[in-house]
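Here the structure is laid out as structure tokens; the discussion comes afterwards.
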Amino acid sequence: MTTDIASGLFQVPWSEYRPDLLDALWRTVSYTAVSFVGAVLLGLAVALLRLSKAWPARVVAAVYTEVFKNVPLLAIIFLTYFGLASAGLRLDVFTAGCVSLVVFYAAYLSEIFRSAISGVHAGQTEAGEALGLGRTGIFSHIVLPQALRQALPGTNTMLVDLLKSTSLLVTVSAAELMSEGRLITSATFRALEVYLVISAIYFALCYPLSQLLLLLERKVRAGVPLSPWRRRRMRAARTLLASDLVVDADRKEATV
């Protein structure tokens with residue numbers, strides 16, 4: 001009985017569509033990577049504007065954040081691809097899709113970054129000033145590393161959500177996974193099977209990514225240095241500490 005159900009369900013010749021699916025998968029990953037980098041950079045800029053002492057900058061950043069937080073992503077995609085084209089500014093599908101994802105997710109990331117930066121204790125800034133660091137040095141060496149640790153969980157969630165939201169680009173035929181699924185469905189009339197497979201591919205992308213990000217978050221919370229230069233500094237500090245302990249032990253033995 002189970003075999004009959006399986007044979008009746010899986011009848012799409014997937015080997016014929018494998019190259020197209022791989023190309024769609026690559027496009028999905030490309031949309032995700034480019035859009036996430038852009039959203040992080042724009043979100044950080046907006047967060048800094050929200051924390052600026054100049055009230056016009058705060059107002060502009062607040063308006064941007066509230067507008068894009070309260071407009072559906074699908075509407076932004078339509079405005080970017082169809083709306084701008086009707087106004088004489090025609091963007092290709094990839095650019096329009098990335099721009100839509102960037103401006104939408106930057107609004108949410110800006111709130112995450114703003115909360116994380118504000119969460120760094122003011123005493124950290126005072127300590128940097130006491131060491132003679134300027135505003136740029138204090139932010140880059142003291143505030144930003146601590147803020148990144150606090151912002152990591154929310155940022156990870158936004159990355160996975162952005163990956164899933166690339167499926168909305170099917171509305172502008174962006175040639176990503178969902179668009180390819182629609183084409184295969186039109187050719188085979190096997191909607192249930194096709195979209196089950198497309199959903200499985202999204203799960204195979206999102207679940208390992210979320211677990212890797214969770215592992216990264218745990219390592220950061222545990223204080224594990226992630227960059228090579230920080231690991232070198234940690235090894236050098238441990239070596240220096242160990243040598244100091246040996247010297248102290250020798251001095252104690254000599255005294256005794």
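Note on naming: chains are A, B, ... as they come in the structure tokens, residues start from 1 per chain, ligands start from 1 in the order shown.
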Quick check for you: according to DSSP on this backbone, which residues of range 51-221 of chain A are classed as alpha helix (DSSP H)? Reply as a VMD selection string.
chain A and resid 55 to 69 73 to 78 84 to 86 93 to 118 122 to 130 135 to 138 144 to 165 177 to 188 191 to 221
So that I have them on file, write out the residues from the current selection with C-alpha atoms, as a CSV table (one decimal), in the first residue's frame.
chain,number,residue,atom,x,y,z
A,55,TRP,CA,17.9,65.1,15.8
A,56,PRO,CA,17.3,65.3,12.0
A,57,ALA,CA,19.4,62.1,11.6
A,58,ARG,CA,17.4,60.4,14.3
A,59,VAL,CA,14.1,61.5,12.6
A,60,VAL,CA,15.1,60.3,9.2
A,61,ALA,CA,16.3,56.9,10.5
A,62,ALA,CA,13.1,56.5,12.6
A,63,VAL,CA,10.9,57.2,9.7
A,64,TYR,CA,12.8,54.7,7.5
A,65,THR,CA,12.6,52.0,10.2
A,66,GLU,CA,8.9,52.5,10.8
A,67,VAL,CA,7.9,52.6,7.1
A,68,PHE,CA,9.7,49.5,6.1
A,69,LYS,CA,8.7,47.6,9.3
A,73,LEU,CA,7.8,42.6,1.8
A,74,LEU,CA,5.7,41.6,-1.2
A,75,ALA,CA,4.5,45.2,-1.7
A,76,ILE,CA,8.2,46.4,-1.6
A,77,ILE,CA,9.1,43.9,-4.2
A,78,PHE,CA,6.3,45.1,-6.5
A,84,LEU,CA,10.2,52.0,-10.4
A,85,ALA,CA,9.9,50.7,-14.0
A,86,SER,CA,6.7,52.6,-14.5
A,93,VAL,CA,15.3,41.0,-11.6
A,94,PHE,CA,18.4,40.3,-9.5
A,95,THR,CA,19.0,43.9,-8.6
A,96,ALA,CA,15.3,44.6,-7.8
A,97,GLY,CA,15.1,41.5,-5.7
A,98,CYS,CA,18.2,42.3,-3.7
A,99,VAL,CA,17.2,45.9,-3.2
A,100,SER,CA,13.8,44.8,-1.9
A,101,LEU,CA,15.3,42.4,0.6
A,102,VAL,CA,18.0,44.8,1.7
A,103,VAL,CA,15.7,47.8,2.5
A,104,PHE,CA,13.1,45.5,4.2
A,105,TYR,CA,15.5,43.5,6.5
A,106,ALA,CA,17.8,46.5,7.2
A,107,ALA,CA,14.8,48.1,9.1
A,108,TYR,CA,14.6,45.1,11.4
A,109,LEU,CA,18.4,44.7,11.7
A,110,SER,CA,18.7,48.4,12.6
A,111,GLU,CA,16.5,47.8,15.6
A,112,ILE,CA,18.6,44.8,16.7
A,113,PHE,CA,21.8,46.7,16.3
A,114,ARG,CA,20.5,49.8,18.0
A,115,SER,CA,19.3,47.7,21.0
A,116,ALA,CA,22.7,45.9,21.1
A,117,ILE,CA,24.8,49.1,21.0
A,118,SER,CA,22.6,50.8,23.6
A,122,ALA,CA,28.3,53.5,29.5
A,123,GLY,CA,31.2,52.7,31.8
A,124,GLN,CA,32.9,50.9,28.8
A,125,THR,CA,32.9,54.2,26.9
A,126,GLU,CA,34.3,56.0,29.9
A,127,ALA,CA,37.0,53.4,30.3
A,128,GLY,CA,38.0,54.0,26.6
A,129,GLU,CA,38.1,57.7,27.1
A,130,ALA,CA,40.3,57.2,30.2
A,135,ARG,CA,35.3,58.1,19.5
A,136,THR,CA,36.1,55.9,16.5
A,137,GLY,CA,38.5,53.8,18.5
A,138,ILE,CA,36.1,53.4,21.4
A,144,LEU,CA,31.1,47.2,18.5
A,145,PRO,CA,32.6,43.8,19.6
A,146,GLN,CA,30.4,43.7,22.7
A,147,ALA,CA,27.3,44.9,20.7
A,148,LEU,CA,27.9,42.2,18.1
A,149,ARG,CA,27.8,39.5,20.7
A,150,GLN,CA,24.4,40.8,21.9
A,151,ALA,CA,23.1,41.2,18.4
A,152,LEU,CA,24.1,37.8,17.2
A,153,PRO,CA,20.9,35.8,18.1
A,154,GLY,CA,18.6,38.3,16.4
A,155,THR,CA,20.9,38.7,13.4
A,156,ASN,CA,21.0,34.9,12.9
A,157,THR,CA,17.2,34.7,13.0
A,158,MET,CA,17.0,37.4,10.3
A,159,LEU,CA,19.4,35.5,8.1
A,160,VAL,CA,17.3,32.4,8.1
A,161,ASP,CA,14.2,34.4,7.6
A,162,LEU,CA,15.7,36.2,4.7
A,163,LEU,CA,16.6,32.9,3.1
A,164,LYS,CA,13.0,31.8,3.3
A,165,SER,CA,11.7,35.1,2.1
A,177,LEU,CA,13.8,27.8,-6.2
A,178,MET,CA,10.1,28.7,-6.0
A,179,SER,CA,10.1,30.1,-9.5
A,180,GLU,CA,11.7,26.9,-10.8
A,181,GLY,CA,9.1,24.9,-8.8
A,182,ARG,CA,6.3,26.9,-10.5
A,183,LEU,CA,7.8,26.1,-14.0
A,184,ILE,CA,8.1,22.4,-13.2
A,185,THR,CA,4.5,22.4,-11.9
A,186,SER,CA,3.3,24.0,-15.2
A,187,ALA,CA,5.1,21.4,-17.2
A,188,THR,CA,4.1,18.3,-15.2
A,191,ALA,CA,1.9,20.4,-7.8
A,192,LEU,CA,1.9,18.4,-4.6
A,193,GLU,CA,5.0,16.5,-5.5
A,194,VAL,CA,6.9,19.5,-6.8
A,195,TYR,CA,6.2,21.8,-3.9
A,196,LEU,CA,7.0,19.0,-1.4
A,197,VAL,CA,10.4,18.7,-3.0
A,198,ILE,CA,10.9,22.4,-3.1
A,199,SER,CA,9.9,22.6,0.6
A,200,ALA,CA,12.4,19.8,1.4
A,201,ILE,CA,15.1,21.8,-0.4
A,202,TYR,CA,14.4,24.9,1.7
A,203,PHE,CA,14.4,22.8,4.8
A,204,ALA,CA,17.8,21.3,3.8
A,205,LEU,CA,19.1,24.8,3.5
A,206,CYS,CA,17.6,26.5,6.5
A,207,TYR,CA,17.9,23.8,9.2
A,208,PRO,CA,21.7,23.2,8.9
A,209,LEU,CA,22.2,27.0,8.6
A,210,SER,CA,20.2,27.6,11.8
A,211,GLN,CA,22.2,24.9,13.6
A,212,LEU,CA,25.5,26.3,12.5
A,213,LEU,CA,24.5,29.8,13.5
A,214,LEU,CA,23.4,28.4,16.9
A,215,LEU,CA,26.8,26.8,17.3
A,216,LEU,CA,28.5,30.0,16.4
A,217,GLU,CA,26.4,31.9,19.0
A,218,ARG,CA,27.3,29.4,21.7
A,219,LYS,CA,31.0,29.8,20.9
A,220,VAL,CA,30.8,33.5,21.0
A,221,ARG,CA,29.0,33.4,24.3
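Distances here use only C-alpha atoms; by that measure, the residue among A:Leu21, A:Gln11, A:Ala54, A:Ala175 closest to Arg190 in chain A is A:Gln11.
Reported to one decimal place, the separation of CA of Gly43 in chain A from CA of Thr166 in chain A is 18.6 Å.
Between CA of Gly134 in chain A and CA of Leu241 in chain A there is a distance of 29.4 Å.
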